[in-house]
$ cat upload08.csv   # CSV, C-alpha atoms
chain,number,residue,atom,x,y,z
T,238,MET,CA,0.0,0.0,0.0
T,239,ALA,CA,1.5,3.3,-1.0
T,240,LEU,CA,0.5,6.9,-0.6
T,241,SER,CA,0.5,8.7,-3.9
T,242,ALA,CA,0.0,12.4,-4.5
T,243,ALA,CA,-1.5,14.2,-7.5
T,244,SER,CA,-2.9,17.7,-8.0
T,245,GLY,CA,-2.7,18.5,-4.3
T,246,LEU,CA,-4.7,15.3,-3.4
T,247,ALA,CA,-3.5,12.1,-1.9
T,248,ALA,CA,-4.9,8.6,-2.4
T,249,TYR,CA,-4.0,5.1,-1.4
T,250,SER,CA,-3.2,2.5,-4.1
T,251,ILE,CA,-3.9,-1.0,-2.9
T,252,PRO,CA,-2.3,-3.9,-4.9
T,253,ALA,CA,-4.4,-6.9,-5.7
T,254,GLY,CA,-4.5,-9.5,-3.0
T,255,VAL,CA,-3.5,-7.1,-0.2
T,256,LYS,CA,-5.9,-6.8,2.7
T,257,LYS,CA,-7.4,-3.3,3.0
T,258,LEU,CA,-7.1,-1.8,6.4
T,259,ASP,CA,-9.5,0.7,7.9
T,260,LEU,CA,-7.4,3.9,8.2
T,261,SER,CA,-10.3,6.3,8.9
T,262,GLU,CA,-9.4,6.9,12.5
T,263,GLU,CA,-5.7,7.4,11.9
T,264,LEU,CA,-6.3,9.8,9.0
T,265,ALA,CA,-8.9,11.7,11.0
T,266,GLU,CA,-6.3,12.3,13.7
T,267,VAL,CA,-3.8,13.6,11.2
T,268,ILE,CA,-6.1,16.1,9.5
T,269,ARG,CA,-7.9,17.4,12.6
T,270,THR,CA,-6.8,20.9,13.4
T,271,ASP,CA,-8.1,20.6,17.0
T,272,ASN,CA,-6.2,17.4,17.7
T,273,THR,CA,-5.4,17.2,21.4
T,274,ALA,CA,-4.4,13.6,21.6
T,275,LEU,CA,-1.7,14.2,24.2
T,276,ILE,CA,-3.9,15.7,26.8
T,277,SER,CA,-6.5,13.0,26.2
T,278,ARG,CA,-3.9,10.3,26.9
T,279,VAL,CA,-2.3,12.1,29.9
T,280,GLY,CA,-5.6,12.6,31.6
T,281,VAL,CA,-5.4,15.6,33.9
T,282,GLY,CA,-9.1,16.1,34.7
T,283,HIS,CA,-8.9,14.7,38.3
T,284,PHE,CA,-6.1,17.1,39.4
T,285,THR,CA,-6.9,20.2,41.3
T,286,ALA,CA,-4.6,23.2,41.7
T,287,THR,CA,-4.0,24.0,45.4
T,288,GLN,CA,-1.2,26.6,45.2
T,289,LEU,CA,0.3,29.2,42.9
T,290,THR,CA,3.7,27.6,42.8
T,291,HIS,CA,4.1,23.8,42.3
T,292,LYS,CA,7.4,22.3,43.5
T,293,TRP,CA,8.8,18.8,43.2
T,294,VAL,CA,12.0,16.9,43.7
T,295,GLU,CA,13.7,15.2,40.7
T,296,ASP,CA,16.1,12.2,40.8
T,297,LYS,CA,18.6,11.3,38.1
T,298,LEU,CA,20.6,8.3,37.0
T,299,ASN,CA,24.4,8.3,36.8
T,300,PRO,CA,25.5,9.1,33.2
T,301,ASN,CA,26.4,6.1,31.1
T,302,THR,CA,28.2,7.9,28.3
T,303,ALA,CA,31.2,10.2,27.9
T,304,THR,CA,33.0,12.0,25.1
T,305,LEU,CA,36.5,11.1,23.8
T,306,ASN,CA,38.8,14.1,24.1
T,307,GLY,CA,41.4,13.7,21.3
T,308,ASP,CA,42.1,11.1,18.6
T,309,LEU,CA,43.0,7.6,19.8
T,310,ASP,CA,45.3,5.3,17.9
T,311,ALA,CA,45.2,1.5,18.2
T,312,SER,CA,48.2,1.2,20.5
T,313,SER,CA,47.7,3.9,23.2
T,314,THR,CA,46.5,2.8,26.6
T,315,THR,CA,45.6,6.3,27.7
T,316,VAL,CA,42.1,7.6,27.0
T,317,ASN,CA,41.2,11.2,27.7
T,318,VAL,CA,37.5,12.2,28.2
T,319,ALA,CA,35.8,15.6,28.3
T,320,THR,CA,36.4,17.8,31.3
T,321,GLY,CA,34.6,16.6,34.4
T,322,GLN,CA,33.6,13.2,32.9
T,323,GLY,CA,36.4,11.1,34.4
T,324,SER,CA,34.3,10.6,37.6
T,325,ARG,CA,31.9,8.5,35.5
T,326,PHE,CA,34.5,5.7,35.4
T,327,LYS,CA,36.0,3.4,38.0
T,328,VAL,CA,38.7,0.7,37.9
T,329,GLY,CA,36.9,-2.2,36.2
T,330,THR,CA,34.6,-0.1,34.1
T,331,ILE,CA,34.1,-1.7,30.6
T,332,PHE,CA,33.2,0.6,27.7
T,333,LYS,CA,33.0,0.8,24.0
T,334,PHE,CA,33.1,3.5,21.4
T,335,ASN,CA,29.7,4.3,19.8
T,336,GLU,CA,31.1,4.7,16.3
T,337,LYS,CA,29.8,3.0,13.1
T,338,GLY,CA,31.6,-0.2,12.4
T,339,LYS,CA,33.7,-0.1,15.6
T,340,THR,CA,33.5,-3.1,18.0
T,341,GLU,CA,36.4,-2.6,20.4
T,342,MET,CA,35.8,-2.8,24.1
T,343,CYS,CA,38.1,-1.4,26.8
T,344,ARG,CA,38.5,-2.0,30.5
T,345,VAL,CA,39.7,0.7,32.9
T,346,THR,CA,42.7,-0.1,35.0
T,347,ALA,CA,43.3,3.4,36.5
T,348,VAL,CA,41.6,6.8,36.7
T,349,SER,CA,43.3,10.1,37.2
T,350,ASP,CA,40.9,13.1,36.8
T,351,ASP,CA,39.8,12.9,33.2
T,352,THR,CA,42.5,10.5,32.0
T,353,LEU,CA,41.8,6.8,31.9
T,354,THR,CA,44.4,4.0,31.7
T,355,VAL,CA,42.8,1.1,29.9
T,356,GLU,CA,43.3,-2.4,28.7
T,357,ARG,CA,42.7,-2.2,24.9
T,358,GLY,CA,40.9,-4.9,22.9
T,359,TYR,CA,39.1,-6.3,26.0
T,360,GLY,CA,37.0,-9.4,25.6
T,361,SER,CA,38.8,-10.7,22.5
T,362,THR,CA,37.9,-7.6,20.5
T,363,ASP,CA,40.5,-5.8,18.3
T,364,ALA,CA,42.1,-2.5,19.2
T,365,GLU,CA,40.9,0.2,16.7
T,366,THR,CA,41.5,3.9,16.1
T,367,HIS,CA,38.8,6.3,17.3
T,368,SER,CA,38.1,10.0,16.5
T,369,ASP,CA,38.0,13.0,18.7
T,370,GLY,CA,34.5,13.6,20.0
T,371,ALA,CA,33.4,10.0,19.7
T,372,THR,CA,30.7,8.9,22.2
T,373,ILE,CA,31.9,6.4,24.8
T,374,MET,CA,29.2,4.1,26.0
T,375,ILE,CA,29.7,2.6,29.4
T,376,ILE,CA,28.7,-1.1,29.4
T,377,ALA,CA,29.2,-2.1,33.0
T,378,HIS,CA,31.2,-1.3,36.2
T,379,THR,CA,32.8,-4.7,37.0
T,380,LYS,CA,34.4,-5.3,40.4
T,381,GLN,CA,37.3,-7.5,41.6
T,382,GLU,CA,37.2,-9.8,44.5
T,383,GLY,CA,37.7,-7.9,47.8
T,384,TRP,CA,36.1,-4.8,46.4
T,385,GLU,CA,35.0,-2.4,49.2
T,386,PRO,CA,31.7,-0.7,48.4
T,387,ASN,CA,32.2,1.9,51.1
T,388,LYS,CA,35.2,3.3,49.2
T,389,GLU,CA,32.9,4.5,46.4
T,390,ASP,CA,30.0,6.9,46.2
T,391,TRP,CA,27.6,6.7,43.3
T,392,SER,CA,24.8,8.5,45.0
T,393,GLN,CA,23.2,11.5,43.3
T,394,GLU,CA,21.8,14.6,44.9
T,395,ARG,CA,18.2,15.2,44.2
T,396,THR,CA,17.3,18.6,42.7
T,397,SER,CA,14.4,20.9,43.4
T,398,ALA,CA,12.2,22.0,40.4
T,399,TYR,CA,9.2,24.2,40.3
T,400,ASN,CA,6.6,25.7,37.9
T,401,TYR,CA,3.8,28.3,38.3
T,402,LEU,CA,0.0,28.0,38.1
T,403,THR,CA,-1.1,29.6,34.9
T,404,THR,CA,-4.6,30.8,34.3
T,405,MET,CA,-5.9,30.4,30.7
T,406,GLY,CA,-9.4,31.1,29.3
T,407,TYR,CA,-11.6,32.5,26.5
T,408,GLY,CA,-14.3,35.1,26.9
T,409,ILE,CA,-17.5,34.7,24.8
T,410,THR,CA,-20.0,37.6,24.3
T,411,ILE,CA,-23.2,36.8,22.4
T,412,THR,CA,-25.9,39.4,22.0
T,413,ARG,CA,-29.5,38.4,22.6
T,414,ARG,CA,-30.3,39.0,18.9
T,415,ARG,CA,-27.4,36.9,17.8
T,416,GLN,CA,-28.4,34.1,20.1
T,417,LEU,CA,-32.0,34.1,19.0
T,418,VAL,CA,-31.3,34.2,15.2
T,419,ASP,CA,-30.9,30.8,13.6
T,420,HIS,CA,-27.5,30.7,12.0
T,421,ALA,CA,-27.0,27.9,9.4
T,422,ALA,CA,-29.2,25.5,11.5
T,423,ILE,CA,-27.2,26.0,14.6
T,424,PRO,CA,-29.7,25.9,17.5
T,425,SER,CA,-27.5,27.8,20.0
T,426,GLU,CA,-24.8,30.2,18.9
T,427,PHE,CA,-23.4,30.4,22.5
T,428,ALA,CA,-23.1,26.6,22.7
T,429,HIS,CA,-21.5,26.5,19.3
T,430,GLN,CA,-18.9,29.1,20.1
T,431,SER,CA,-18.3,27.5,23.5
T,432,ALA,CA,-17.6,24.1,21.9
T,433,TYR,CA,-15.0,25.6,19.5
T,434,ARG,CA,-13.3,27.7,22.1
T,435,LEU,CA,-13.0,24.6,24.2
T,436,LYS,CA,-11.2,22.9,21.4
T,437,GLU,CA,-8.8,25.9,21.2
T,438,PHE,CA,-8.4,25.7,25.0
T,439,MET,CA,-7.5,22.0,24.8
T,440,ARG,CA,-5.0,22.9,22.0
T,441,GLN,CA,-3.3,25.4,24.3
T,442,LEU,CA,-3.1,22.8,27.1
T,443,ASP,CA,-1.5,20.3,24.7
T,444,SER,CA,1.0,22.9,23.6
T,445,SER,CA,1.8,23.9,27.2
T,446,VAL,CA,2.5,20.3,28.2
T,447,ILE,CA,4.7,19.7,25.2
T,448,ASN,CA,6.7,23.0,25.4
T,449,SER,CA,6.9,23.6,29.2

$ encode --input "upload08.csv" --output "structure tokens"
Amino acid sequence: MALSAASGLAAYSIPAGVKKLDLSEELAEVIRTDNTALISRVGVGHFTATQLTHKWVEDKLNPNTATLNGDLDASSTTVNVATGQGSRFKVGTIFKFNEKGKTEMCRVTAVSDDTLTVERGYGSTDAETHSDGATIMIIAHTKQEGWEPNKEDWSQERTSAYNYLTTMGYGITITRRRQLVDHAAIPSEFAHQSAYRLKEFMRQLDSSVINS
């Protein structure tokens, strides 16, 4: 099934023997200008604002990547990482370089600030050259027998975040004459305007959740 375009219109071409799928709901979601699928799925109707400033605490995981600082040839056992990233490694850390076509793994044998001493070609892989700026992906932090966990600290400080209560709304003013006159078979102009302003309001909420 392919989507072909002609003269500003689009149509599906369905080869013989191919089962036709009902795409009406998916296509309707695409072309609707009042699409608020995100808010509908998040479901915020049961929450009530109780204060002007909302605060919460966020946790984070230890980083599992770093950046190679300087080119690396296939024989060097010294790997430099970007400033401040050396603390992401410990003796025993196994990592690889996230470069296309590269499979080498390395094992850290010593750490000094942002300089790592490593065993190249770890795990029967071949030592390779790597380019400055390459992403280093940490695979695991292995430990030797006799390792003392109280000599390391991997804990992370929680951070405080906050946001403000925001008031949004639409005003609708309908004159008595406008409300009483039948406009294109619309029984209530106020109800009609309210329904469309509600769609716009939902669109604002969707955008606020995505971009806040």

$ atom_distance --input "upload08.csv" --atom1 "CA of Asp369 in chain T" --atom2 "CA of Phe334 in chain T"
11.0 Å

$ closest_residue --input "upload08.csv" --among "T:Leu442, T:Leu353, T:Ala364, T:Ile375" --to "Asn299 in chain T" --atoms "all atoms listed in the file"
T:Ile375

$ atom_distance --input "upload08.csv" --atom1 "CA of Cys343 in chain T" --atom2 "CA of Gly360 in chain T"
8.2 Å

$ closest_residue --input "upload08.csv" --among "T:Gln288, T:Ser324, T:Asn301, T:Thr354" --to "Asp390 in chain T" --atoms "only C-alpha atoms"
T:Ser324

$ closest_residue --input "upload08.csv" --among "T:Tyr407, T:Asp310, T:Ser425, T:Lys339" --to "Met439 in chain T" --atoms "only C-alpha atoms"
T:Tyr407

$ residues_around --input "upload08.csv" --residues "Trp384 in chain T" --least-positions-apart "6" --cutoff "12 Å" --atoms "all atoms listed in the file" --output "PDB file with C-alpha atoms, keeping the file's coordinate frame"
ATOM      1  CA  LYS T 327      36.000   3.400  38.000  1.00  0.00           C
ATOM      2  CA  VAL T 328      38.700   0.700  37.900  1.00  0.00           C
ATOM      3  CA  GLY T 329      36.900  -2.200  36.200  1.00  0.00           C
ATOM      4  CA  HIS T 378      31.200  -1.300  36.200  1.00  0.00           C
TER       5      HIS T 378
END

$ residues_around --input "upload08.csv" --residues "Asp308 in chain T" --least-positions-apart "2" --cutoff "12 Å" --atoms "all atoms listed in the file" --output "list in words"
Thr304, Leu305, Asn306, Asp310, Ala311, Ser312, Ser313, Thr315, Val316, Asn317, Val318, Glu365, Thr366, His367, Ser368, Asp369, Gly370 and Ala371 of chain T

$ atom_distance --input "upload08.csv" --atom1 "CA of Lys436 in chain T" --atom2 "CA of Leu402 in chain T"
20.7 Å

$ closest_residue --input "upload08.csv" --among "T:Asp350, T:Glu341, T:Glu336, T:Asp363" --to "Gly323 in chain T" --atoms "only C-alpha atoms"
T:Asp350
